[in-house]
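All remarks here apply to the structure that follows.
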Amino acid sequence: MTRSGTARRGTARRGTTRGATTAVIALAAAALAARKLLVVLTVAGSSMEPAYRSGDRLLMLRRPLGRAPDGTVLVLRGPLGAQGSEPGEGAAASLIVKRLGAGPGRPVPGVVLTAVGASPGAVVPPGLLVALADSPAGTDSRTWGYLTEDTVVGTVVCRLGRATAGHA
C-alpha cells in the first residue's frame, strides 16, 4: 500500500471519531435540554379526579401558556389565594394541576362569572386565564378568580402511571 493510501485511511478514521464525538455531544446537549424542559410530577390530592388521582405521575413540559386550547391541563405555581395571589411570606410554594377553563380573549365560563365579576358573554382579559378543577369539590378560579398567565409553569404532556412505594 502506498503512503497516500495510508493517509486516506487515517483521515477516514479521524473523521469517523470526530463524527461519533459530535453525535455524543449533540445527544448529551439534547438530554440536558430535555431535562430542563420535561419534569415528572406526582399528583397529591383529588381536585383533578377522575382524570388524575393522588399518586399519578405526570410528565410536564415547561412552557408559557401561549395559545393553549381550553381543556389543556396546566401546571401552575401555588398555592394560590383569593384572586390568584401568591401566599404570604414564609408559605411554601408548590405546583398545582388544573385544567384551562378559558384563556385570554375567550368567553368566561359561566361557573366563574361571579368570582371574576363578569357578565354573561364577557371574555377573559389579556394576560389572564381561568383554571378549573375536574372535581366539583376542587379549588380553582371559582374561588381564586382570574389567574395571571405568569402563574403557568407548563402543561401536562401525559400520565406516566402511578408512583411506586418509596418514590413519591
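Lettering and numbering for the C-alpha cells are positional, with chains as A, B, ... in the shown order, residues counted from 1 in each chain, and ligands counted from 1 in the shown order.
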
May I have the residues within 8 Å of region 119-128 of chain A as a VMD selection string, using only C-alpha atoms and disregarding those fewer than 2 positions away in the same chain?
chain A and resid 102 to 108 110 113 117 130 146 to 149

Polymer residues at most 7 Å from region 37-53 of chain A, only C-alpha atoms, same-chain spacing of 5 or more positions, as a PyMOL selection string:
chain A and resi 58-62+98+133-135+137-138+163+168

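CA of Arg63 (chain A) is found 14.1 Å from CA of Leu95 (chain A).
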
Restricting the calculation to only C-alpha atoms, which member of A:Lys36, A:Val153, A:Leu65, A:Arg18 is positioned closest to Gly78 (chain A)?
A:Val153

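Counting only C-alpha atoms, the residue from A:Gly154, A:Gly145, A:Gly161, A:Pro136 that sits nearest to Pro64 (chain A) is A:Gly154.
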
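What separates CA of Val157 (chain A) from CA of Val73 (chain A) is a distance of 8.3 Å.
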
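Minimum atom-to-atom distances from A:Leu100, A:Ala118, A:Val75, A:Cys158 to Leu132 (chain A) were compared using only C-alpha atoms, and the lowest value belongs to A:Leu100.
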
Have a look at CA of Thr114 (chain A) and CA of Ala68 (chain A) and let me know their distance in Å, one decimal.
24.2 Å

Give the strand (DSSP E or B) residues of region 87-152 of chain A, as assigned by DSSP on the backbone, as a PyMOL selection string.
chain A and resi 94-102+107+123+128-132+147-148+152

Just the selected residues (all heavy atoms), exported as a CSV table (one decimal), in the first residue's frame, please.
chain,number,residue,atom,x,y,z
A,94,SER,N,-45.9,25.6,45.9
A,94,SER,CA,-45.9,24.3,45.3
A,94,SER,C,-46.4,24.4,43.9
A,94,SER,O,-46.8,25.5,43.5
A,94,SER,CB,-46.7,23.3,46.2
A,94,SER,OG,-48.0,23.8,46.3
A,95,LEU,N,-46.5,23.3,43.3
A,95,LEU,CA,-47.2,23.3,41.9
A,95,LEU,C,-48.5,22.6,42.1
A,95,LEU,O,-48.7,21.7,42.8
A,95,LEU,CB,-46.3,22.5,41.0
A,95,LEU,CG,-44.9,23.0,40.8
A,95,LEU,CD1,-44.1,22.1,39.8
A,95,LEU,CD2,-44.9,24.4,40.2
A,96,ILE,N,-49.5,23.2,41.3
A,96,ILE,CA,-50.8,22.6,41.3
A,96,ILE,C,-51.2,22.3,39.9
A,96,ILE,O,-50.7,23.0,38.9
A,96,ILE,CB,-51.8,23.6,42.0
A,96,ILE,CG1,-51.9,24.9,41.3
A,96,ILE,CG2,-51.5,23.7,43.5
A,96,ILE,CD1,-52.9,25.9,41.9
A,97,VAL,N,-52.1,21.4,39.7
A,97,VAL,CA,-52.6,20.9,38.4
A,97,VAL,C,-54.0,21.3,38.3
A,97,VAL,O,-54.9,21.0,39.1
A,97,VAL,CB,-52.4,19.4,38.2
A,97,VAL,CG1,-52.9,18.9,36.9
A,97,VAL,CG2,-50.9,19.0,38.4
A,98,LYS,N,-54.4,22.0,37.2
A,98,LYS,CA,-55.7,22.4,36.9
A,98,LYS,C,-55.9,22.4,35.4
A,98,LYS,O,-55.0,22.4,34.6
A,98,LYS,CB,-56.1,23.8,37.4
A,98,LYS,CG,-55.9,24.0,38.9
A,98,LYS,CD,-56.9,23.2,39.7
A,98,LYS,CE,-56.6,23.4,41.2
A,98,LYS,NZ,-57.2,22.3,42.0
A,99,ARG,N,-57.2,22.5,35.0
A,99,ARG,CA,-57.5,22.5,33.5
A,99,ARG,C,-57.8,23.9,33.1
A,99,ARG,O,-58.4,24.7,33.8
A,99,ARG,CB,-58.7,21.6,33.3
A,99,ARG,CG,-58.9,21.2,31.8
A,99,ARG,CD,-60.0,20.1,31.7
A,99,ARG,NE,-59.6,18.9,32.4
A,99,ARG,CZ,-58.9,17.9,31.9
A,99,ARG,NH1,-58.3,18.1,30.7
A,99,ARG,NH2,-58.7,16.8,32.5
A,100,LEU,N,-57.3,24.3,31.9
A,100,LEU,CA,-57.5,25.6,31.4
A,100,LEU,C,-59.0,25.7,31.0
A,100,LEU,O,-59.5,25.0,30.1
A,100,LEU,CB,-56.7,25.9,30.1
A,100,LEU,CG,-56.9,27.2,29.5
A,100,LEU,CD1,-56.5,28.4,30.4
A,100,LEU,CD2,-56.0,27.3,28.2
A,101,GLY,N,-59.7,26.6,31.8
A,101,GLY,CA,-61.2,26.8,31.5
A,101,GLY,C,-61.4,27.8,30.4
A,101,GLY,O,-62.3,27.6,29.6
A,102,ALA,N,-60.5,28.8,30.3
A,102,ALA,CA,-60.6,29.8,29.2
A,102,ALA,C,-59.3,30.6,29.3
A,102,ALA,O,-58.9,31.0,30.4
A,102,ALA,CB,-61.8,30.6,29.4
A,107,PRO,N,-64.5,33.3,25.8
A,107,PRO,CA,-65.6,33.5,26.8
A,107,PRO,C,-65.3,33.0,28.2
A,107,PRO,O,-64.8,31.9,28.4
A,107,PRO,CB,-66.8,32.7,26.1
A,107,PRO,CG,-66.4,32.6,24.7
A,107,PRO,CD,-64.9,32.5,24.7
A,123,VAL,N,-65.4,38.2,27.9
A,123,VAL,CA,-64.3,37.4,27.6
A,123,VAL,C,-63.2,37.6,28.6
A,123,VAL,O,-63.1,38.7,29.3
A,123,VAL,CB,-63.8,37.8,26.2
A,123,VAL,CG1,-64.8,37.4,25.1
A,123,VAL,CG2,-63.3,39.2,26.1
A,128,LEU,N,-54.7,37.1,31.4
A,128,LEU,CA,-55.4,36.4,32.5
A,128,LEU,C,-55.9,35.1,31.9
A,128,LEU,O,-56.0,34.9,30.7
A,128,LEU,CB,-56.5,37.2,33.1
A,128,LEU,CG,-56.1,38.6,33.7
A,128,LEU,CD1,-57.3,39.3,34.2
A,128,LEU,CD2,-55.1,38.4,34.8
A,129,LEU,N,-56.3,34.2,32.8
A,129,LEU,CA,-56.9,32.9,32.5
A,129,LEU,C,-57.8,32.4,33.5
A,129,LEU,O,-57.8,32.9,34.7
A,129,LEU,CB,-55.8,31.9,32.2
A,129,LEU,CG,-54.9,31.5,33.4
A,129,LEU,CD1,-55.3,30.2,34.0
A,129,LEU,CD2,-53.4,31.3,32.8
A,130,VAL,N,-58.6,31.4,33.2
A,130,VAL,CA,-59.5,30.8,34.2
A,130,VAL,C,-59.0,29.3,34.3
A,130,VAL,O,-58.8,28.6,33.2
A,130,VAL,CB,-60.9,30.8,33.7
A,130,VAL,CG1,-61.8,29.9,34.5
A,130,VAL,CG2,-61.5,32.2,33.6
A,131,ALA,N,-58.7,28.9,35.5
A,131,ALA,CA,-58.3,27.5,35.7
A,131,ALA,C,-59.4,26.7,36.5
A,131,ALA,O,-59.9,27.3,37.5
A,131,ALA,CB,-57.0,27.5,36.5
A,132,LEU,N,-59.7,25.5,36.1
A,132,LEU,CA,-60.7,24.8,36.7
A,132,LEU,C,-60.3,23.4,37.1
A,132,LEU,O,-59.5,22.7,36.4
A,132,LEU,CB,-61.9,24.6,35.7
A,132,LEU,CG,-62.6,25.9,35.3
A,132,LEU,CD1,-63.6,25.6,34.2
A,132,LEU,CD2,-63.2,26.6,36.5
A,147,LEU,N,-56.5,34.1,37.1
A,147,LEU,CA,-55.1,33.9,37.4
A,147,LEU,C,-54.3,34.6,36.3
A,147,LEU,O,-54.8,34.8,35.2
A,147,LEU,CB,-54.8,32.4,37.4
A,147,LEU,CG,-55.6,31.6,38.3
A,147,LEU,CD1,-55.1,30.1,38.2
A,147,LEU,CD2,-55.4,32.1,39.8
A,148,THR,N,-53.1,35.0,36.6
A,148,THR,CA,-52.3,35.7,35.6
A,148,THR,C,-51.5,34.6,34.8
A,148,THR,O,-51.2,33.5,35.3
A,148,THR,CB,-51.3,36.6,36.2
A,148,THR,OG1,-50.4,35.9,37.1
A,148,THR,CG2,-52.0,37.8,36.9
A,152,VAL,N,-48.5,30.1,35.1
A,152,VAL,CA,-48.3,28.9,34.3
A,152,VAL,C,-46.9,28.5,34.3
A,152,VAL,O,-46.0,29.3,33.8
A,152,VAL,CB,-48.9,29.0,32.9
A,152,VAL,CG1,-48.7,27.7,32.1
A,152,VAL,CG2,-50.4,29.3,33.0
